[in-house]
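A.B. asks: Take a look at upload01.txt, compact mmCIF, C-alpha atoms:
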```txt
# COMPACT_ATOMS: atom_id res chain seq x y z
CA MET A 1 137.10 122.05 96.61
CA GLU A 2 133.47 122.96 97.02
CA SER A 3 132.52 119.44 98.02
CA GLY A 4 135.30 119.48 100.64
CA MET A 5 133.90 122.65 102.17
CA VAL A 6 130.45 121.13 102.40
CA ARG A 7 131.94 118.06 104.10
CA LEU A 8 133.74 120.23 106.69
CA GLU A 9 130.63 122.28 107.40
CA VAL A 10 128.55 119.16 107.98
CA ASP A 11 131.19 117.67 110.26
CA ALA A 12 131.39 120.89 112.28
CA GLU A 13 127.63 121.17 112.68
CA GLU A 14 127.33 117.56 113.79
CA GLY A 15 130.35 117.81 116.11
CA GLU A 16 131.82 114.59 114.68
CA GLY A 17 135.32 115.78 113.90
CA ASP A 18 137.67 118.65 113.10
CA ILE A 19 139.59 119.63 109.97
CA SER A 20 142.41 117.19 110.66
CA ASP A 21 139.92 114.32 111.03
CA ALA A 22 138.34 115.25 107.72
CA GLY A 23 141.75 115.37 106.03
CA SER A 24 142.64 111.97 107.41
CA SER A 25 139.32 110.57 106.24
CA GLN A 26 139.85 112.01 102.78
CA SER A 27 143.35 110.51 102.66
CA LYS A 28 142.01 107.07 103.58
CA SER A 29 139.27 107.46 101.01
CA LYS A 30 141.83 108.28 98.31
CA ARG A 31 143.95 105.28 99.28
CA SER A 32 140.88 103.05 99.20
CA ARG A 33 139.89 104.32 95.77
CA MET A 34 143.44 103.87 94.51
CA GLY A 35 143.48 100.31 95.85
CA ASN A 36 140.21 99.56 94.10
CA TYR A 37 141.53 101.01 90.85
CA MET A 38 144.66 98.86 91.11
CA LYS A 39 142.62 95.73 91.80
CA LYS A 40 140.38 96.45 88.84
CA GLY A 41 143.43 97.15 86.69
CA LEU A 42 145.09 93.88 87.66
CA ALA A 43 141.86 91.95 87.10
CA LYS A 44 141.44 93.58 83.69
CA GLY A 45 145.07 92.80 82.84
CA LYS A 46 144.57 89.16 83.83
CA VAL A 47 141.48 88.90 81.62
CA LEU A 48 143.32 90.52 78.70
CA MET A 49 146.23 88.11 79.19
CA GLU A 50 143.89 85.12 79.31
CA HIS A 51 142.10 86.29 76.17
CA SER A 52 145.41 86.94 74.40
CA LEU A 53 146.70 83.48 75.23
CA GLY A 54 143.32 81.80 74.81
CA LEU A 55 143.36 80.12 78.23
CA GLY A 56 140.32 78.12 79.23
CA HIS A 57 138.00 75.62 77.60
CA TRP A 58 137.12 75.98 73.94
CA PRO A 59 133.83 74.93 72.35
CA ASN A 60 133.85 71.30 71.20
CA VAL A 61 133.76 71.16 67.38
CA ILE A 62 133.55 67.37 66.98
CA PRO A 63 130.13 66.44 65.51
CA ALA A 64 127.90 64.39 67.81
CA GLY A 65 127.82 60.68 67.03
CA GLU A 66 128.57 57.18 68.28
CA ALA A 67 132.19 56.44 69.10
CA ASP A 68 133.76 53.67 67.02
CA ILE A 69 137.32 52.32 67.24
CA SER A 70 137.09 49.76 64.40
CA GLY A 71 136.53 51.96 61.36
CA PRO A 72 138.60 52.22 58.18
CA PRO A 73 142.24 53.32 58.66
CA ARG A 74 142.82 57.07 58.74
CA ILE A 75 146.06 59.03 58.47
CA VAL A 76 147.42 60.37 61.78
CA GLU A 77 149.57 63.48 61.81
CA ILE A 78 151.27 65.52 64.45
CA GLY A 79 151.68 69.22 63.86
CA TRP A 80 152.79 72.42 65.49
CA HIS A 81 152.10 76.13 65.29
CA PRO A 82 153.54 79.02 67.32
CA VAL A 83 151.80 80.58 70.31
CA GLY A 84 152.56 84.16 69.36
CA GLY A 85 152.20 87.74 70.51
CA PHE A 86 151.82 88.89 74.10
CA GLY A 87 150.21 85.59 75.06
CA GLY A 88 153.21 83.59 73.86
CA LYS A 89 155.64 85.86 75.70
CA TRP A 90 153.64 85.60 78.93
CA PHE A 91 153.35 81.82 78.51
CA ALA A 92 157.09 81.44 78.13
CA GLU A 93 157.83 83.54 81.19
CA LYS A 94 155.10 81.96 83.31
CA THR A 95 156.32 78.45 82.63
CA GLY A 96 159.86 79.28 83.66
CA LEU A 97 161.71 80.20 80.48
CA GLY A 98 162.27 83.72 81.77
CA LYS A 99 164.30 82.25 84.64
CA LYS A 100 166.55 80.20 82.40
CA ILE A 101 169.19 82.90 82.28
CA THR A 102 170.06 82.21 85.92
CA GLU A 103 169.27 78.48 85.99
CA SER A 104 171.22 75.53 84.63
CA VAL A 105 168.37 73.61 83.04
CA ASN A 106 169.73 72.54 79.63
CA ARG A 107 167.57 72.01 76.55
CA TYR A 108 163.94 72.53 77.50
CA PRO A 109 161.40 72.48 74.64
CA ASP A 110 160.15 75.93 73.67
CA PRO A 111 156.59 76.13 75.12
CA THR A 112 155.58 78.74 72.53
CA GLN A 113 155.81 75.95 69.93
CA HIS A 114 152.47 74.18 70.35
CA TRP A 115 152.07 70.53 69.23
CA ALA A 116 148.84 68.59 68.62
CA VAL A 117 147.48 65.37 67.10
CA LEU A 118 145.76 66.03 63.76
CA ILE A 119 143.40 63.56 62.11
CA ASP A 120 141.53 64.66 58.99
CA ASN A 121 139.73 67.94 59.80
CA TYR A 122 140.35 68.15 63.55
CA ALA A 123 143.22 68.85 65.93
CA HIS A 124 143.27 67.27 69.40
CA GLU A 125 145.30 69.23 71.92
CA LEU A 126 146.44 69.76 75.47
CA TRP A 127 145.74 73.28 76.68
CA MET A 128 145.39 75.09 80.02
CA ASP A 129 142.54 76.52 82.04
CA GLU A 130 142.72 79.84 83.89
CA HIS A 131 144.60 78.12 86.74
CA LEU A 132 147.23 76.71 84.33
CA ASP A 133 145.94 73.15 84.84
CA VAL A 134 145.94 70.95 81.75
CA ILE A 135 142.71 70.45 79.80
CA TYR A 136 141.66 68.85 76.51
CA ILE A 137 140.49 70.98 73.59
CA ASN A 138 139.85 70.39 69.91
CA GLU A 139 139.55 72.64 66.89
CA LYS A 140 139.05 72.57 63.13
CA VAL A 141 142.35 72.41 61.30
CA LYS A 142 143.37 75.39 59.18
CA ARG A 143 146.13 73.75 57.18
CA ASP A 144 148.02 76.95 56.42
CA GLU A 145 148.54 77.54 60.17
CA TRP A 146 150.13 74.15 60.94
CA LYS A 147 153.41 72.45 60.10
CA THR A 148 152.40 68.78 59.91
CA PHE A 149 154.07 65.36 59.77
CA GLU A 150 152.42 62.02 58.99
CA VAL A 151 153.21 59.44 61.69
CA GLY A 152 150.78 56.54 61.37
CA ARG A 153 147.18 55.30 61.13
CA THR A 154 144.15 54.93 63.39
CA ARG A 155 140.74 53.25 63.12
CA PHE A 156 139.13 55.64 65.64
CA ASN A 157 136.36 57.91 64.38
CA ASP A 158 136.15 61.56 65.47
CA GLU A 159 133.95 60.97 68.52
CA ALA A 160 136.19 58.15 69.74
CA LEU A 161 139.19 60.44 69.33
CA ARG A 162 137.47 63.16 71.35
CA GLN A 163 136.70 60.75 74.17
CA THR A 164 140.27 59.45 74.04
CA GLY A 165 141.60 63.01 74.35
CA GLU A 166 139.44 63.55 77.44
CA MET A 167 140.67 60.24 78.89
CA VAL A 168 144.33 61.07 78.30
CA ILE A 169 143.99 64.46 80.00
CA HIS A 170 142.07 62.89 82.90
CA ASN A 171 144.90 60.41 83.45
CA MET A 172 147.51 63.17 83.22
CA ARG A 173 145.61 65.32 85.75
CA GLN A 174 145.41 62.38 88.16
CA LYS A 175 149.19 62.42 88.34
CA ARG A 176 149.76 66.16 88.04
CA PRO A 177 147.05 68.69 87.11
CA ALA A 178 149.34 71.68 86.56
CA TYR A 179 151.02 72.35 83.24
CA ASN A 180 154.72 71.58 83.43
CA LEU A 181 157.34 72.45 80.84
CA ILE A 182 159.00 69.04 81.08
CA SER A 183 156.51 66.42 82.22
CA ASN A 184 153.01 67.80 81.56
CA ASN A 185 153.09 69.52 78.19
CA CYS A 186 151.55 69.30 74.72
CA GLN A 187 154.20 66.84 73.49
CA ASN A 188 153.54 64.44 76.38
CA PHE A 189 149.83 64.58 75.55
CA ALA A 190 150.47 63.92 71.85
CA VAL A 191 152.57 60.82 72.60
CA LEU A 192 150.03 59.42 75.08
CA MET A 193 147.13 59.98 72.68
CA LEU A 194 149.02 58.40 69.79
CA ASP A 195 149.82 55.40 71.98
CA ALA A 196 146.09 54.98 72.69
CA VAL A 197 144.65 55.42 69.18
CA GLN A 198 147.23 53.82 66.89
CA THR A 199 146.42 50.60 65.08
CA GLY A 200 147.44 47.43 66.89
CA ALA A 201 146.76 48.76 70.40
CA HIS A 202 143.09 47.79 70.68
CA HIS A 203 143.27 45.57 73.77
CA GLU A 204 145.42 48.00 75.79
CA PHE A 205 143.12 50.88 74.91
CA ALA A 206 139.98 48.95 75.92
CA THR A 207 141.46 48.19 79.34
CA THR A 208 142.54 51.78 79.93
CA PHE A 209 139.26 53.26 78.75
CA GLU A 210 137.21 50.93 80.93
CA VAL A 211 139.16 52.11 84.00
CA TYR A 212 138.57 55.73 82.96
CA GLN A 213 134.87 55.09 82.37
CA ARG A 214 134.43 53.50 85.80
CA ALA A 215 136.28 56.35 87.49
CA THR A 216 134.41 59.19 85.78
CA GLY A 217 131.14 57.76 84.51
CA ARG A 218 131.88 59.46 81.19
CA GLY A 219 132.26 58.11 77.68
CA ALA A 220 130.88 55.14 75.81
CA ILE A 221 132.54 53.39 72.89
CA LYS A 222 130.89 50.86 70.60
CA ASP A 223 132.24 47.28 70.78
CA LEU A 224 135.00 48.35 73.15
CA TRP A 225 136.37 44.84 73.72
CA ILE A 226 135.80 43.43 70.22
CA ASP A 227 139.01 43.57 68.19
CA LYS A 228 137.98 43.24 64.55
CA HIS A 229 141.56 43.48 63.29
CA PRO A 230 143.71 41.18 65.47
CA GLU A 231 146.15 40.62 62.58
CA GLU A 232 147.47 44.15 63.09
CA GLN A 233 149.20 43.06 66.27
CA GLN A 234 151.12 40.15 64.71
CA ASP A 235 151.56 40.79 60.99
CA GLN A 236 155.28 41.39 60.53
CA SER A 237 154.77 42.18 56.83
CA LYS A 238 153.03 45.43 57.77
CA PRO A 239 155.43 47.40 59.99
CA GLU A 240 153.36 50.54 59.46
CA LEU A 241 150.68 48.93 61.63
CA HIS A 242 152.94 48.10 64.55
CA ARG A 243 152.14 49.84 67.78
CA GLN A 244 155.57 51.19 68.61
CA ASP A 245 156.22 52.55 65.12
CA THR A 246 153.71 55.40 65.42
CA VAL A 247 154.85 56.56 68.85
CA GLN A 248 158.57 56.30 68.15
CA HIS A 249 158.15 58.06 64.82
CA ALA A 250 156.20 60.88 66.46
CA GLN A 251 158.76 61.30 69.22
CA GLN A 252 161.55 61.46 66.69
CA VAL A 253 159.69 64.06 64.60
CA MET A 254 158.97 66.24 67.63
CA ASP A 255 162.57 66.00 68.83
CA GLU A 256 163.89 67.01 65.44
CA HIS A 257 161.45 69.84 64.83
CA THR A 258 161.04 71.40 68.28
CA THR A 259 163.23 74.36 69.10
CA LYS A 260 165.25 73.76 72.25
CA LEU A 261 166.45 76.54 74.55
CA ASP A 262 169.44 75.76 76.72
CA ASN A 263 171.32 77.46 79.54
CA HIS A 264 173.70 79.07 77.04
CA ALA A 265 170.77 81.06 75.59
CA THR A 266 171.04 79.37 72.19
CA ALA A 267 168.37 77.78 70.03
CA SER A 268 169.09 74.35 68.63
CA HIS A 269 167.48 70.96 68.03
CA PHE A 270 167.75 67.58 69.68
CA HIS A 271 170.29 65.29 68.00
```
Here is a file; write its structure as structure tokens.

C.D. replies:
Amino acid sequence: MESGMVRLEVDAEEGEGDISDAGSSQSKSKRSRMGNYMKKGLAKGKVLMEHSLGLGHWPNVIPAGEADISGPPRIVEIGWHPVGGFGGKWFAEKTGLGKKITESVNRYPDPTQHWAVLIDNYAHELWMDEHLDVIYINEKVKRDEWKTFEVGRTRFNDEALRQTGEMVIHNMRQKRPAYNLISNNCQNFAVLMLDAVQTGAHHEFATTFEVYQRATGRGAIKDLWIDKHPEEQQDQSKPELHRQDTVQHAQQVMDEHTTKLDNHATASHFH
């Protein structure tokens, strides 16, 4: 009240307005302050949401080293864990699940069930930046947090796997950068990465990676075109090495173990 009186006295002495002008100015000032508070509140809420969900790039945890795609065979797994809490709820609504009550969409995969490719100590994953565009991330595997399934073998070392993850995301972003519940999600990434790194797919990978390397100037893999294990493409006595086995197995596992939400608001599984 005292500050208002001072303001009126100054205005009167300077002849720049009357009481009604001062009141109007104060009203505008209040609205301006309220608008600023709301903007700050929304910005803070957005940051809290992003932190809750973990949006954005994560630090790379793969040790530095030379990429090699002809090493000893290693077990490949796919695994999932829930995206929980407020972040998971926001994610589900933002990607369209909140609208499913009024839409006839039938059996979408639950986006709060997050899938990744796991090889030894590291998980390779599709995630999203702050604009909800797809990105590649990796993390150390905490086994008690993941439900895992063995699906095949790879000869790629950790650095080659990291570069492959970056390549797969680059190719996905070329077609569609934004996350999409059906066509640009973590399961699509897992299948594409498995297709690239599984045993018996050396020649196809070399061709794809060379195109990626020319387009981006990134990545370098030792002996890219030298296939040291050509028998893995023809040996019918070793079906576990066949290219299609890993991908088809992974797709079947994800179909069977991913919760599906349909337009009848029920949770079920494929097949």

A.B. asks: Identify which of the residues A:Pro82, A:His249, A:Pro230, A:His124 lies closest to Glu159 in chain A, counting all atoms listed in the file when measuring atom-to-atom distances.

C.D. replies: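 That would be A:His124, the residue with the smallest distance to Glu159 in chain A.
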
A.B. asks: Do you have the CA of Ile135 in chain A-CA of Asp245 in chain A distance handy?

C.D. replies: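 Rounded to one decimal, the two atoms are 26.8 Å apart.
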
A.B. asks: Tell me, as a PyMOL selection string, which residues lie within 12 Å of Ala160 in chain A, counting only C-alpha atoms; anything in the same chain fewer than 4 positions away does not count.

C.D. replies: chain A and resi 62-71+119+124+154-156+164-167+193+196-197+205-206+209+219-224

A.B. asks: Rounded to one decimal place, report the CA of Val134 in chain A-CA of Tyr179 in chain A distance in Å.

C.D. replies: 5.5 Å

A.B. asks: Fewer than 2 positions away in the same chain doesn't count, so skip those; otherwise give me all residues within 9 Å of Asp195 in chain A, counting only C-alpha atoms, as number ranges by chain.

C.D. replies: A: 190-193, 197-198, 201, 205, 243-244, 246-247

A.B. asks: Selected residues, C-alpha atoms, written as a compact mmCIF listing (two decimals), in the frame of the given file, please.

C.D. replies:
```txt
# COMPACT_ATOMS: atom_id res chain seq x y z
CA ALA A 190 150.47 63.92 71.85
CA VAL A 191 152.57 60.82 72.60
CA LEU A 192 150.03 59.42 75.08
CA MET A 193 147.13 59.98 72.68
CA VAL A 197 144.65 55.42 69.18
CA GLN A 198 147.23 53.82 66.89
CA ALA A 201 146.76 48.76 70.40
CA PHE A 205 143.12 50.88 74.91
CA ARG A 243 152.14 49.84 67.78
CA GLN A 244 155.57 51.19 68.61
CA THR A 246 153.71 55.40 65.42
CA VAL A 247 154.85 56.56 68.85
```

A.B. asks: Please determine an axis-aligned box that encloses all atoms of range 154-169 of chain A listed in the file, with 5 Å added on each side, and express its centre and edge lengths in Å to one decimal as JSON.

C.D. replies:
```
{"center_x": 139.1, "center_y": 58.9, "center_z": 71.6, "size_x": 20.4, "size_y": 21.2, "size_z": 26.9}
```

A.B. asks: What does the distance between CA of Ala250 in chain A and CA of Thr208 in chain A come to in Å, to one decimal place?

C.D. replies: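 We find that CA of Ala250 in chain A and CA of Thr208 in chain A lie 21.2 Å from each other.
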
A.B. asks: Compute the distance from (147.7, 57.7, 57.9) to each atom, counting only C-alpha atoms, keep the residues with any atom at most 6 Å away, and return them as number ranges by chain; use the coordinates of the file.

C.D. replies: A: 74-76, 152-153

A.B. asks: Measuring atom to atom with only C-alpha atoms, identify which of A:Ile169, A:Asn180, A:Val253, A:Thr199 is nearest to Trp115 in chain A.

C.D. replies: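 Ranking A:Ile169, A:Asn180, A:Val253, A:Thr199 by distance to Trp115 in chain A, first place goes to A:Val253.
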
A.B. asks: Which one of A:Trp127, A:Pro73, A:Glu210, A:Lys140 sits closest to Asn157 in chain A if you count only C-alpha atoms?

C.D. replies: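 For Asn157 in chain A, the nearest of the given residues is A:Pro73.
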
A.B. asks: Please determine, counting all atoms listed in the file, which residue among A:Val168, A:Met254, A:Ile137, A:Ile226 has the shortest atom-to-atom distance to Glu77 in chain A.

C.D. replies: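 Closest to Glu77 in chain A of all the choices is A:Met254.
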